[in-house]
2 protein chains.
Amino acid sequence: MRDDTGNELPHALNVLWGRAKPKGRGRAPALSLERIVAAAVALADEEGLAALSMARLAERLGCAPMSLYRHVAGKDDLQLFMLDAAPGPPPEFDTAPADWRGSLTRWAVELFGVYARHPWIVQLVNSPPADPGQLAWLEAALRTLGGTPLDLRTRISVVMLVTHYVRGAAQLLTSMAAEPGEGADEAYAVLLTELVDPGRFPALAGAVRAGVFAPNPGAGPDDDFRAGLNHLLDGVGVAIERAARS
Amino acid sequence: MRDDTGNELPHALNVLWGRAKPKGRGRAPALSLERIVAAAVALADEEGLAALSMARLAERLGCAPMSLYRHVAGKDDLQLFMLDAAPGPPPEFDTAPADWRGSLTRWAVELFGVYARHPWIVQLVNSPPADPGQLAWLEAALRTLGGTPLDLRTRISVVMLVTHYVRGAAQLLTSMAAEPGEGADEAYAVLLTELVDPGRFPALAGAVRAGVFAPNPGAGPDDDFRAGLNHLLDGVGVAIERAARS
DNA sequence: CGCTCATTGCGTACTCTATACGCAATGCGT
DNA sequence: ACGCATTGCGTATAGAGTACGCAATGAGCG
């Protein structure tokens, strides 16, 4: 399944960066790559990543399963296309915004929204981004720090930190929302109450007893996310002050 | 595939919390759950999660594929057992260690090591932990903050933050190491140099040109991880000081 | 000591997955 | 109008997970 040299990049990247040949001759394509990718994203959104099979995708597009392979090298390539297209354009920033914290917060919240709309993204392997769509998001994140005295290596470190946090928070949230019933977090709290032995897990039992795992009353689900994000950004602030002082 | 009520918890949890019936009568089992799980973990470690199939697992155990289903309800249940067993015991802490930062750093680094030894863990869905193994890790993390003035809700928030970061960093690292060849990150740096247009992605192009994506000379792969972790813990320090002042 | 039956081991079969291969249909360039 | 590159797709293969039911086994009881 691996290529011989091991150095060829996946076919999808060549297409995404506009390196595909125009190939004008021949029969007119009844299917387009955009339609395929859009249908795949819609299918994954509605029924989950597990329901995304080449056969069901073809059924939804009204074509035969094997027709897809004329536009997509395989399922892996299709998922690369999906990762490129689904997030849409990132928020736009100047190359050196005055308010780094506000900008980076907005970036993180919008990325969190992307993951909420497309939960399957966080189930895919997190390979380093190499497509135009994901690199545009990375560019936007780097710009939020353009006005800070942080060196480039630290900026990347900070951006990765935020990315990982957003991804992890979204992953946890969607895995709880995947279960049926109205209150999945409530069910989880009850389960922990039953299971956690205070002798063996004193710290955990204390937290469970305090109702920390129960849904936060009078707070949206975003608020937990924003609280963690703020702790993170406090750390970035410390790094910025330290860099400004030297 | 879903159960009727939707409230039954997975069979694996009943077993893991010692709720299985002794069932003494009958034929002596030639297979044990421990052997199955250990073989599954070894197989996933050696050949990756994609190579873990019930058939290949049975082959390695010298039994028929369907024999596994006497001990495990299905592949999902098997993966629950694997998640419980593979990490091993967490580092032990007092309920209120004097040095929260050192303790939490040690916890994060050891978890990072777990993910490095068992890369398949981060490919599995990140459902909220409910097995003894993962809850023991959560307990250990909570204990590192036992000596701080943080309220319980903030402690959980901090622990989740660290968890997400460790997981994300490990995920990125293993996805780059998965590719063959000696320097996967170097290949990535070259790819970005080719692809990133400075007009469209100025901030990103600057970082690429500065060699930020090339392997850090004179630094182990852990150092990038620790750098990000330190920024994160600076943020936790801010929260602790703020809590101590009120 | 032998019968019983709960329990395990596993053979068979079914559905669903991705996709290699090759032929038929089609429409642009000449 | 013709030729052929290109697309659409039918067929086939190898592998996945697992439902179902019967055969083998051995502990406990009569």
# chains A, B, ... in the order shown; residues from 1 in each chain; ligands from 1

call {"tool": "interface_residues", "arguments": {"of": "chain D", "to": "chain A", "cutoff": "12 Å", "atoms": "only C-alpha atoms (C1' of nucleotides)", "output": "list in words"}}
result
DG3, DC4, DA5, DT6, DT7, DG8, DC9, DG10 and DT11 of chain D

call {"tool": "interface_residues", "arguments": {"of": "chain C", "to": "chain A", "cutoff": "7 Å", "atoms": "only C-alpha atoms (C1' of nucleotides)", "output": "PyMOL selection string"}}
result
chain C and resi 26-28

call {"tool": "interface_residues", "arguments": {"of": "chain B", "to": "chain A", "cutoff": "6 Å", "atoms": "only C-alpha atoms", "output": "list in words"}}
result
Asn126, Ser127, Glu139, Arg153, Ser157, His164, Tyr165, Gly168, Leu172, Ser175, Phe201, Leu204, Val212, Gly228, His231, Leu232, Asp234 and Gly235 of chain B

call {"tool": "residues_around", "arguments": {"residues": "DG21 of chain D", "least_positions_apart": "3", "cutoff": "12 Å", "atoms": "only C-alpha atoms (C1' of nucleotides)", "output": "PyMOL selection string"}}
result
chain C and resi 10-13

call {"tool": "write_last_selection", "arguments": {"atoms": "N, CA and C atoms (P, O5', C5', C4', C3', O3' and C1' of nucleotides)", "output": "PDB file, in the first residue's frame"}}
result
ATOM      1  P    DC C  10     -10.557 -23.378  19.484  1.00  0.00           P
ATOM      2  O5'  DC C  10     -11.656 -23.438  18.337  1.00  0.00           O
ATOM      3  C5'  DC C  10     -12.274 -24.676  18.055  1.00  0.00           C
ATOM      4  C4'  DC C  10     -13.407 -24.473  17.078  1.00  0.00           C
ATOM      5  C3'  DC C  10     -13.082 -23.547  15.890  1.00  0.00           C
ATOM      6  O3'  DC C  10     -13.529 -24.162  14.718  1.00  0.00           O
ATOM      7  C1'  DC C  10     -15.113 -22.955  16.827  1.00  0.00           C
ATOM      8  P    DG C  11     -12.544 -24.344  13.503  1.00  0.00           P
ATOM      9  O5'  DG C  11     -13.488 -25.053  12.424  1.00  0.00           O
ATOM     10  C5'  DG C  11     -14.431 -26.040  12.861  1.00  0.00           C
ATOM     11  C4'  DG C  11     -15.693 -25.975  12.017  1.00  0.00           C
ATOM     12  C3'  DG C  11     -15.508 -25.404  10.611  1.00  0.00           C
ATOM     13  O3'  DG C  11     -16.328 -26.124   9.687  1.00  0.00           O
ATOM     14  C1'  DG C  11     -17.028 -24.034  11.825  1.00  0.00           C
ATOM     15  P    DT C  12     -16.314 -25.709   8.130  1.00  0.00           P
ATOM     16  O5'  DT C  12     -17.621 -24.815   7.953  1.00  0.00           O
ATOM     17  C5'  DT C  12     -18.822 -25.217   8.606  1.00  0.00           C
ATOM     18  C4'  DT C  12     -19.929 -24.210   8.343  1.00  0.00           C
ATOM     19  C3'  DT C  12     -19.881 -23.521   6.972  1.00  0.00           C
ATOM     20  O3'  DT C  12     -21.169 -23.606   6.364  1.00  0.00           O
ATOM     21  C1'  DT C  12     -20.078 -21.912   8.699  1.00  0.00           C
ATOM     22  P    DA C  13     -21.392 -22.984   4.892  1.00  0.00           P
ATOM     23  O5'  DA C  13     -22.111 -21.586   5.205  1.00  0.00           O
ATOM     24  C5'  DA C  13     -23.031 -21.520   6.297  1.00  0.00           C
ATOM     25  C4'  DA C  13     -23.517 -20.089   6.443  1.00  0.00           C
ATOM     26  C3'  DA C  13     -23.607 -19.322   5.127  1.00  0.00           C
ATOM     27  O3'  DA C  13     -24.794 -18.557   5.119  1.00  0.00           O
ATOM     28  C1'  DA C  13     -22.201 -18.159   6.630  1.00  0.00           C
TER      29       DA C  13
END

call {"tool": "select_by_dssp", "arguments": {"residues": "segment 16-244 of chain A", "states": "alpha helix (DSSP H)", "output": "short mmCIF file (atom, residue, chain, number, x, y, z; two decimals) with N, CA and C atoms, in the first residue's frame"}}
result
data_model
loop_
_atom_site.label_atom_id
_atom_site.label_comp_id
_atom_site.auth_asym_id
_atom_site.auth_seq_id
_atom_site.Cartn_x
_atom_site.Cartn_y
_atom_site.Cartn_z
N LEU A 16 -4.94 19.85 -5.16
CA LEU A 16 -5.33 21.01 -4.37
C LEU A 16 -4.45 22.22 -4.64
N LEU A 33 -15.16 16.79 -8.79
CA LEU A 33 -14.53 16.60 -7.49
C LEU A 33 -15.25 17.38 -6.40
N GLU A 34 -15.68 18.60 -6.74
CA GLU A 34 -16.36 19.42 -5.74
C GLU A 34 -17.64 18.74 -5.26
N ARG A 35 -18.38 18.20 -6.21
CA ARG A 35 -19.63 17.54 -5.82
C ARG A 35 -19.36 16.34 -4.93
N ILE A 36 -18.34 15.59 -5.29
CA ILE A 36 -18.02 14.41 -4.48
C ILE A 36 -17.64 14.81 -3.06
N VAL A 37 -16.74 15.78 -2.96
CA VAL A 37 -16.28 16.19 -1.64
C VAL A 37 -17.42 16.78 -0.82
N ALA A 38 -18.24 17.60 -1.47
CA ALA A 38 -19.36 18.21 -0.75
C ALA A 38 -20.32 17.14 -0.24
N ALA A 39 -20.59 16.14 -1.08
CA ALA A 39 -21.49 15.08 -0.65
C ALA A 39 -20.87 14.26 0.48
N ALA A 40 -19.58 14.03 0.40
CA ALA A 40 -18.91 13.27 1.45
C ALA A 40 -18.96 14.01 2.78
N VAL A 41 -18.73 15.32 2.73
CA VAL A 41 -18.79 16.12 3.95
C VAL A 41 -20.20 16.09 4.53
N ALA A 42 -21.19 16.24 3.66
CA ALA A 42 -22.57 16.24 4.14
C ALA A 42 -22.92 14.90 4.77
N LEU A 43 -22.47 13.84 4.14
CA LEU A 43 -22.77 12.51 4.66
C LEU A 43 -22.11 12.30 6.02
N ALA A 44 -20.87 12.71 6.14
CA ALA A 44 -20.16 12.55 7.42
C ALA A 44 -20.79 13.43 8.49
N ASP A 45 -21.25 14.61 8.11
CA ASP A 45 -21.90 15.49 9.07
C ASP A 45 -23.18 14.87 9.62
N GLU A 46 -23.94 14.29 8.70
CA GLU A 46 -25.27 13.83 9.09
C GLU A 46 -25.25 12.48 9.80
N GLU A 47 -24.40 11.57 9.33
CA GLU A 47 -24.48 10.20 9.86
C GLU A 47 -23.19 9.72 10.48
N MET A 54 -17.59 4.32 0.50
CA MET A 54 -17.63 4.67 -0.92
C MET A 54 -18.97 4.28 -1.52
N ALA A 55 -19.52 3.17 -1.08
CA ALA A 55 -20.80 2.72 -1.64
C ALA A 55 -21.92 3.68 -1.27
N ARG A 56 -21.99 4.06 0.02
CA ARG A 56 -23.08 4.96 0.42
C ARG A 56 -22.90 6.34 -0.20
N LEU A 57 -21.67 6.74 -0.37
CA LEU A 57 -21.42 8.04 -1.01
C LEU A 57 -21.89 8.01 -2.46
N ALA A 58 -21.59 6.92 -3.16
CA ALA A 58 -22.02 6.80 -4.55
C ALA A 58 -23.54 6.78 -4.65
N GLU A 59 -24.15 6.08 -3.72
CA GLU A 59 -25.61 6.02 -3.69
C GLU A 59 -26.20 7.42 -3.58
N ARG A 60 -25.63 8.22 -2.68
CA ARG A 60 -26.12 9.57 -2.48
C ARG A 60 -25.90 10.43 -3.72
N LEU A 61 -24.84 10.15 -4.46
CA LEU A 61 -24.54 10.94 -5.65
C LEU A 61 -25.24 10.40 -6.89
N LYS A 75 -9.86 6.21 -0.61
CA LYS A 75 -10.60 6.82 0.49
C LYS A 75 -9.72 7.80 1.27
N ASP A 76 -8.46 7.47 1.42
CA ASP A 76 -7.54 8.36 2.13
C ASP A 76 -7.46 9.72 1.43
N ASP A 77 -7.35 9.67 0.12
CA ASP A 77 -7.31 10.92 -0.63
C ASP A 77 -8.60 11.71 -0.45
N LEU A 78 -9.69 11.00 -0.49
CA LEU A 78 -10.98 11.69 -0.30
C LEU A 78 -10.99 12.41 1.03
N GLN A 79 -10.48 11.77 2.07
CA GLN A 79 -10.49 12.40 3.39
C GLN A 79 -9.57 13.61 3.43
N LEU A 80 -8.48 13.58 2.66
CA LEU A 80 -7.63 14.77 2.56
C LEU A 80 -8.41 15.93 1.94
N PHE A 81 -9.14 15.63 0.88
CA PHE A 81 -9.96 16.67 0.26
C PHE A 81 -10.99 17.21 1.25
N MET A 82 -11.59 16.31 2.00
CA MET A 82 -12.60 16.74 2.96
C MET A 82 -11.99 17.66 4.02
N LEU A 83 -10.81 17.29 4.50
CA LEU A 83 -10.15 18.11 5.52
C LEU A 83 -9.81 19.49 4.98
N ASP A 84 -9.52 19.54 3.70
CA ASP A 84 -9.19 20.83 3.11
C ASP A 84 -10.42 21.71 2.97
N ALA A 85 -11.53 21.09 2.58
CA ALA A 85 -12.69 21.88 2.20
C ALA A 85 -13.61 22.22 3.36
N TRP A 100 -3.69 40.82 20.47
CA TRP A 100 -3.40 39.42 20.16
C TRP A 100 -4.38 38.50 20.89
N ARG A 101 -4.72 38.84 22.11
CA ARG A 101 -5.55 37.93 22.90
C ARG A 101 -6.96 37.81 22.33
N GLY A 102 -7.51 38.95 21.95
CA GLY A 102 -8.83 38.91 21.35
C GLY A 102 -8.82 38.15 20.02
N SER A 103 -7.79 38.38 19.23
CA SER A 103 -7.70 37.72 17.93
C SER A 103 -7.55 36.21 18.09
N LEU A 104 -6.66 35.83 18.96
CA LEU A 104 -6.42 34.40 19.13
C LEU A 104 -7.63 33.71 19.75
N THR A 105 -8.32 34.44 20.63
CA THR A 105 -9.56 33.88 21.18
C THR A 105 -10.59 33.66 20.09
N ARG A 106 -10.72 34.67 19.23
CA ARG A 106 -11.69 34.53 18.15
C ARG A 106 -11.32 33.36 17.24
N TRP A 107 -10.04 33.23 16.94
CA TRP A 107 -9.59 32.13 16.10
C TRP A 107 -9.95 30.80 16.74
N ALA A 108 -9.66 30.66 18.02
CA ALA A 108 -9.92 29.39 18.71
C ALA A 108 -11.40 29.08 18.76
N VAL A 109 -12.21 30.09 19.04
CA VAL A 109 -13.65 29.86 19.13
C VAL A 109 -14.21 29.47 17.77
N GLU A 110 -13.72 30.10 16.72
CA GLU A 110 -14.23 29.73 15.40
C GLU A 110 -13.79 28.32 15.01
N LEU A 111 -12.58 27.96 15.37
CA LEU A 111 -12.13 26.59 15.08
C LEU A 111 -12.95 25.59 15.88
N PHE A 112 -13.26 25.95 17.11
CA PHE A 112 -14.13 25.10 17.92
C PHE A 112 -15.49 24.93 17.25
N GLY A 113 -15.98 26.01 16.67
CA GLY A 113 -17.24 25.92 15.94
C GLY A 113 -17.15 25.01 14.73
N VAL A 114 -16.02 25.05 14.04
CA VAL A 114 -15.81 24.16 12.90
C VAL A 114 -15.90 22.70 13.35
N TYR A 115 -15.25 22.40 14.46
CA TYR A 115 -15.26 21.03 14.95
C TYR A 115 -16.65 20.63 15.43
N ALA A 116 -17.39 21.60 15.94
CA ALA A 116 -18.77 21.29 16.37
C ALA A 116 -19.65 20.99 15.16
N ARG A 117 -19.40 21.69 14.07
CA ARG A 117 -20.21 21.45 12.86
C ARG A 117 -19.77 20.19 12.13
N PRO A 132 -4.03 23.73 1.19
CA PRO A 132 -4.26 25.18 1.26
C PRO A 132 -5.24 25.58 2.37
N GLY A 133 -6.30 24.78 2.54
CA GLY A 133 -7.30 25.13 3.53
C GLY A 133 -6.74 25.17 4.95
N GLN A 134 -6.06 24.10 5.33
CA GLN A 134 -5.53 24.05 6.69
C GLN A 134 -4.39 25.03 6.88
N LEU A 135 -3.59 25.22 5.84
CA LEU A 135 -2.49 26.19 5.97
C LEU A 135 -3.03 27.61 6.11
N ALA A 136 -4.18 27.88 5.52
CA ALA A 136 -4.77 29.21 5.69
C ALA A 136 -5.15 29.43 7.16
N TRP A 137 -5.67 28.40 7.80
CA TRP A 137 -5.97 28.51 9.23
C TRP A 137 -4.70 28.71 10.05
N LEU A 138 -3.68 27.98 9.69
CA LEU A 138 -2.41 28.14 10.40
C LEU A 138 -1.85 29.54 10.21
N GLU A 139 -1.93 30.05 9.00
CA GLU A 139 -1.50 31.41 8.71
C GLU A 139 -2.26 32.42 9.58
N ALA A 140 -3.57 32.22 9.66
CA ALA A 140 -4.38 33.15 10.46
C ALA A 140 -3.95 33.13 11.92
N ALA A 141 -3.68 31.93 12.44
CA ALA A 141 -3.27 31.83 13.85
C ALA A 141 -1.93 32.52 14.07
N LEU A 142 -1.02 32.33 13.13
CA LEU A 142 0.29 32.97 13.28
C LEU A 142 0.17 34.49 13.24
N ARG A 143 -0.75 34.98 12.43
CA ARG A 143 -0.91 36.43 12.33
C ARG A 143 -1.38 37.04 13.65
N THR A 144 -2.18 36.32 14.40
CA THR A 144 -2.66 36.90 15.66
C THR A 144 -1.50 37.26 16.59
N LEU A 152 9.80 33.32 16.49
CA LEU A 152 8.97 32.51 15.60
C LEU A 152 8.74 31.10 16.15
N ARG A 153 9.78 30.55 16.75
CA ARG A 153 9.64 29.19 17.27
C ARG A 153 8.59 29.15 18.40
N THR A 154 8.60 30.16 19.24
CA THR A 154 7.61 30.22 20.31
C THR A 154 6.20 30.43 19.75
N ARG A 155 6.12 31.21 18.69
CA ARG A 155 4.78 31.41 18.10
C ARG A 155 4.19 30.08 17.62
N ILE A 156 5.01 29.33 16.94
CA ILE A 156 4.52 28.03 16.49
C ILE A 156 4.11 27.17 17.68
N SER A 157 4.94 27.21 18.70
CA SER A 157 4.64 26.43 19.89
C SER A 157 3.29 26.83 20.49
N VAL A 158 3.05 28.13 20.56
CA VAL A 158 1.79 28.63 21.11
C VAL A 158 0.61 28.21 20.23
N VAL A 159 0.79 28.34 18.93
CA VAL A 159 -0.30 27.99 18.03
C VAL A 159 -0.63 26.50 18.13
N MET A 160 0.40 25.68 18.20
CA MET A 160 0.14 24.25 18.35
C MET A 160 -0.57 23.97 19.66
N LEU A 161 -0.15 24.67 20.70
CA LEU A 161 -0.79 24.49 22.00
C LEU A 161 -2.28 24.79 21.93
N VAL A 162 -2.62 25.92 21.32
CA VAL A 162 -4.04 26.28 21.20
C VAL A 162 -4.76 25.25 20.34
N THR A 163 -4.13 24.87 19.23
CA THR A 163 -4.75 23.90 18.33
C THR A 163 -5.07 22.59 19.06
N HIS A 164 -4.08 22.11 19.79
CA HIS A 164 -4.29 20.85 20.50
C HIS A 164 -5.43 20.97 21.50
N TYR A 165 -5.47 22.09 22.19
CA TYR A 165 -6.52 22.25 23.19
C TYR A 165 -7.89 22.28 22.54
N VAL A 166 -8.03 23.04 21.49
CA VAL A 166 -9.33 23.15 20.82
C VAL A 166 -9.76 21.78 20.32
N ARG A 167 -8.84 21.09 19.72
CA ARG A 167 -9.14 19.77 19.18
C ARG A 167 -9.57 18.80 20.28
N GLY A 168 -8.81 18.81 21.37
CA GLY A 168 -9.13 17.90 22.46
C GLY A 168 -10.47 18.21 23.09
N ALA A 169 -10.73 19.49 23.30
CA ALA A 169 -12.01 19.87 23.90
C ALA A 169 -13.16 19.46 23.00
N ALA A 170 -13.01 19.68 21.71
CA ALA A 170 -14.07 19.32 20.78
C ALA A 170 -14.26 17.81 20.74
N GLN A 171 -13.15 17.10 20.78
CA GLN A 171 -13.22 15.63 20.74
C GLN A 171 -14.00 15.10 21.94
N LEU A 172 -13.70 15.65 23.10
CA LEU A 172 -14.39 15.20 24.31
C LEU A 172 -15.87 15.54 24.24
N LEU A 173 -16.16 16.74 23.80
CA LEU A 173 -17.55 17.19 23.75
C LEU A 173 -18.37 16.33 22.79
N THR A 174 -17.83 16.07 21.62
CA THR A 174 -18.60 15.31 20.64
C THR A 174 -18.72 13.85 21.03
N SER A 175 -17.72 13.33 21.75
CA SER A 175 -17.84 11.93 22.15
C SER A 175 -18.91 11.77 23.22
N MET A 176 -19.16 12.83 23.98
CA MET A 176 -20.25 12.75 24.95
C MET A 176 -21.59 12.99 24.29
N ALA A 177 -21.61 13.87 23.31
CA ALA A 177 -22.86 14.17 22.63
C ALA A 177 -23.27 13.05 21.70
N ALA A 184 -26.07 13.56 28.45
CA ALA A 184 -25.01 12.57 28.46
C ALA A 184 -24.02 12.86 29.59
N ASP A 185 -23.76 14.13 29.84
CA ASP A 185 -22.82 14.45 30.91
C ASP A 185 -23.43 14.12 32.27
N GLU A 186 -24.74 14.28 32.37
CA GLU A 186 -25.39 13.90 33.62
C GLU A 186 -25.25 12.39 33.86
N ALA A 187 -25.48 11.62 32.81
CA ALA A 187 -25.32 10.17 32.93
C ALA A 187 -23.90 9.82 33.34
N TYR A 188 -22.95 10.55 32.81
CA TYR A 188 -21.55 10.30 33.15
C TYR A 188 -21.29 10.62 34.62
N ALA A 189 -21.88 11.71 35.10
CA ALA A 189 -21.72 12.07 36.51
C ALA A 189 -22.28 10.98 37.41
N VAL A 190 -23.46 10.47 37.06
CA VAL A 190 -24.07 9.40 37.85
C VAL A 190 -23.19 8.16 37.84
N LEU A 191 -22.66 7.85 36.69
CA LEU A 191 -21.79 6.68 36.56
C LEU A 191 -20.57 6.81 37.46
N LEU A 192 -19.98 7.98 37.46
CA LEU A 192 -18.80 8.18 38.30
C LEU A 192 -19.16 8.08 39.78
N THR A 193 -20.29 8.61 40.16
CA THR A 193 -20.72 8.53 41.55
C THR A 193 -20.80 7.08 42.00
N GLU A 194 -21.32 6.25 41.12
CA GLU A 194 -21.44 4.82 41.43
C GLU A 194 -20.08 4.15 41.54
N LEU A 195 -19.21 4.52 40.63
CA LEU A 195 -18.00 3.73 40.42
C LEU A 195 -16.83 4.15 41.30
N PRO A 202 -9.49 9.39 46.27
CA PRO A 202 -10.03 10.47 47.12
C PRO A 202 -10.20 11.79 46.37
N ALA A 203 -9.22 12.20 45.62
CA ALA A 203 -9.33 13.49 44.94
C ALA A 203 -10.46 13.47 43.92
N LEU A 204 -10.53 12.40 43.19
CA LEU A 204 -11.58 12.27 42.19
C LEU A 204 -12.96 12.22 42.83
N ALA A 205 -13.06 11.44 43.93
CA ALA A 205 -14.35 11.33 44.61
C ALA A 205 -14.80 12.69 45.13
N GLY A 206 -13.84 13.49 45.61
CA GLY A 206 -14.19 14.82 46.07
C GLY A 206 -14.78 15.67 44.95
N ALA A 207 -14.17 15.59 43.81
CA ALA A 207 -14.66 16.37 42.68
C ALA A 207 -16.04 15.89 42.24
N VAL A 208 -16.22 14.58 42.24
CA VAL A 208 -17.52 14.05 41.84
C VAL A 208 -18.59 14.49 42.83
N ARG A 209 -18.25 14.41 44.12
CA ARG A 209 -19.23 14.77 45.15
C ARG A 209 -19.60 16.26 45.05
N PRO A 221 -22.36 25.45 27.07
CA PRO A 221 -21.29 24.46 26.96
C PRO A 221 -19.98 25.10 26.51
N ASP A 222 -20.09 26.28 25.90
CA ASP A 222 -18.89 27.00 25.49
C ASP A 222 -18.07 27.50 26.67
N ASP A 223 -18.74 27.72 27.80
CA ASP A 223 -18.07 28.40 28.90
C ASP A 223 -16.93 27.58 29.47
N ASP A 224 -17.12 26.26 29.56
CA ASP A 224 -16.03 25.41 30.01
C ASP A 224 -14.85 25.52 29.06
N PHE A 225 -15.18 25.53 27.77
CA PHE A 225 -14.13 25.67 26.76
C PHE A 225 -13.37 26.98 26.93
N ARG A 226 -14.12 28.05 27.11
CA ARG A 226 -13.48 29.37 27.23
C ARG A 226 -12.67 29.47 28.51
N ALA A 227 -13.10 28.82 29.57
CA ALA A 227 -12.35 28.89 30.82
C ALA A 227 -10.97 28.27 30.64
N GLY A 228 -10.93 27.09 30.04
CA GLY A 228 -9.64 26.46 29.80
C GLY A 228 -8.78 27.29 28.86
N LEU A 229 -9.42 27.85 27.85
CA LEU A 229 -8.68 28.67 26.90
C LEU A 229 -8.05 29.87 27.59
N ASN A 230 -8.77 30.45 28.53
CA ASN A 230 -8.23 31.62 29.22
C ASN A 230 -7.01 31.25 30.07
N HIS A 231 -7.04 30.11 30.72
CA HIS A 231 -5.85 29.70 31.45
C HIS A 231 -4.66 29.57 30.50
N LEU A 232 -4.95 28.98 29.35
CA LEU A 232 -3.90 28.81 28.36
C LEU A 232 -3.33 30.15 27.91
N LEU A 233 -4.24 31.09 27.63
CA LEU A 233 -3.79 32.39 27.13
C LEU A 233 -3.07 33.18 28.22
N ASP A 234 -3.41 32.94 29.47
CA ASP A 234 -2.63 33.55 30.55
C ASP A 234 -1.16 33.13 30.43
N GLY A 235 -0.96 31.87 30.11
CA GLY A 235 0.41 31.40 29.94
C GLY A 235 1.10 32.07 28.77
N VAL A 236 0.37 32.28 27.70
CA VAL A 236 0.94 32.99 26.55
C VAL A 236 1.28 34.42 26.96
N GLY A 237 0.42 35.03 27.76
CA GLY A 237 0.70 36.37 28.23
C GLY A 237 1.98 36.45 29.02
N VAL A 238 2.21 35.46 29.86
CA VAL A 238 3.46 35.42 30.62
C VAL A 238 4.66 35.36 29.68
N ALA A 239 4.56 34.53 28.65
CA ALA A 239 5.66 34.41 27.69
C ALA A 239 5.89 35.73 26.97
N ILE A 240 4.82 36.43 26.65
CA ILE A 240 4.95 37.71 25.93
C ILE A 240 5.62 38.76 26.82
N GLU A 241 5.19 38.82 28.06
CA GLU A 241 5.81 39.78 28.98
C GLU A 241 7.30 39.48 29.15
N ARG A 242 7.58 38.20 29.27
CA ARG A 242 8.98 37.81 29.43
C ARG A 242 9.81 38.20 28.20
N ALA A 243 9.22 37.99 27.03
CA ALA A 243 9.95 38.33 25.80
C ALA A 243 10.10 39.83 25.64
N ALA A 244 9.10 40.59 26.09
CA ALA A 244 9.16 42.04 25.95
C ALA A 244 10.24 42.62 26.86
#

call {"tool": "atom_distance", "arguments": {"atom1": "atom C1' of DT25 of chain D", "atom2": "atom C1' of DC3 of chain C"}}
result
14.2 Å

call {"tool": "atom_distance", "arguments": {"atom1": "atom CA of Gly88 of chain B", "atom2": "atom CA of Leu52 of chain B"}}
result
20.3 Å
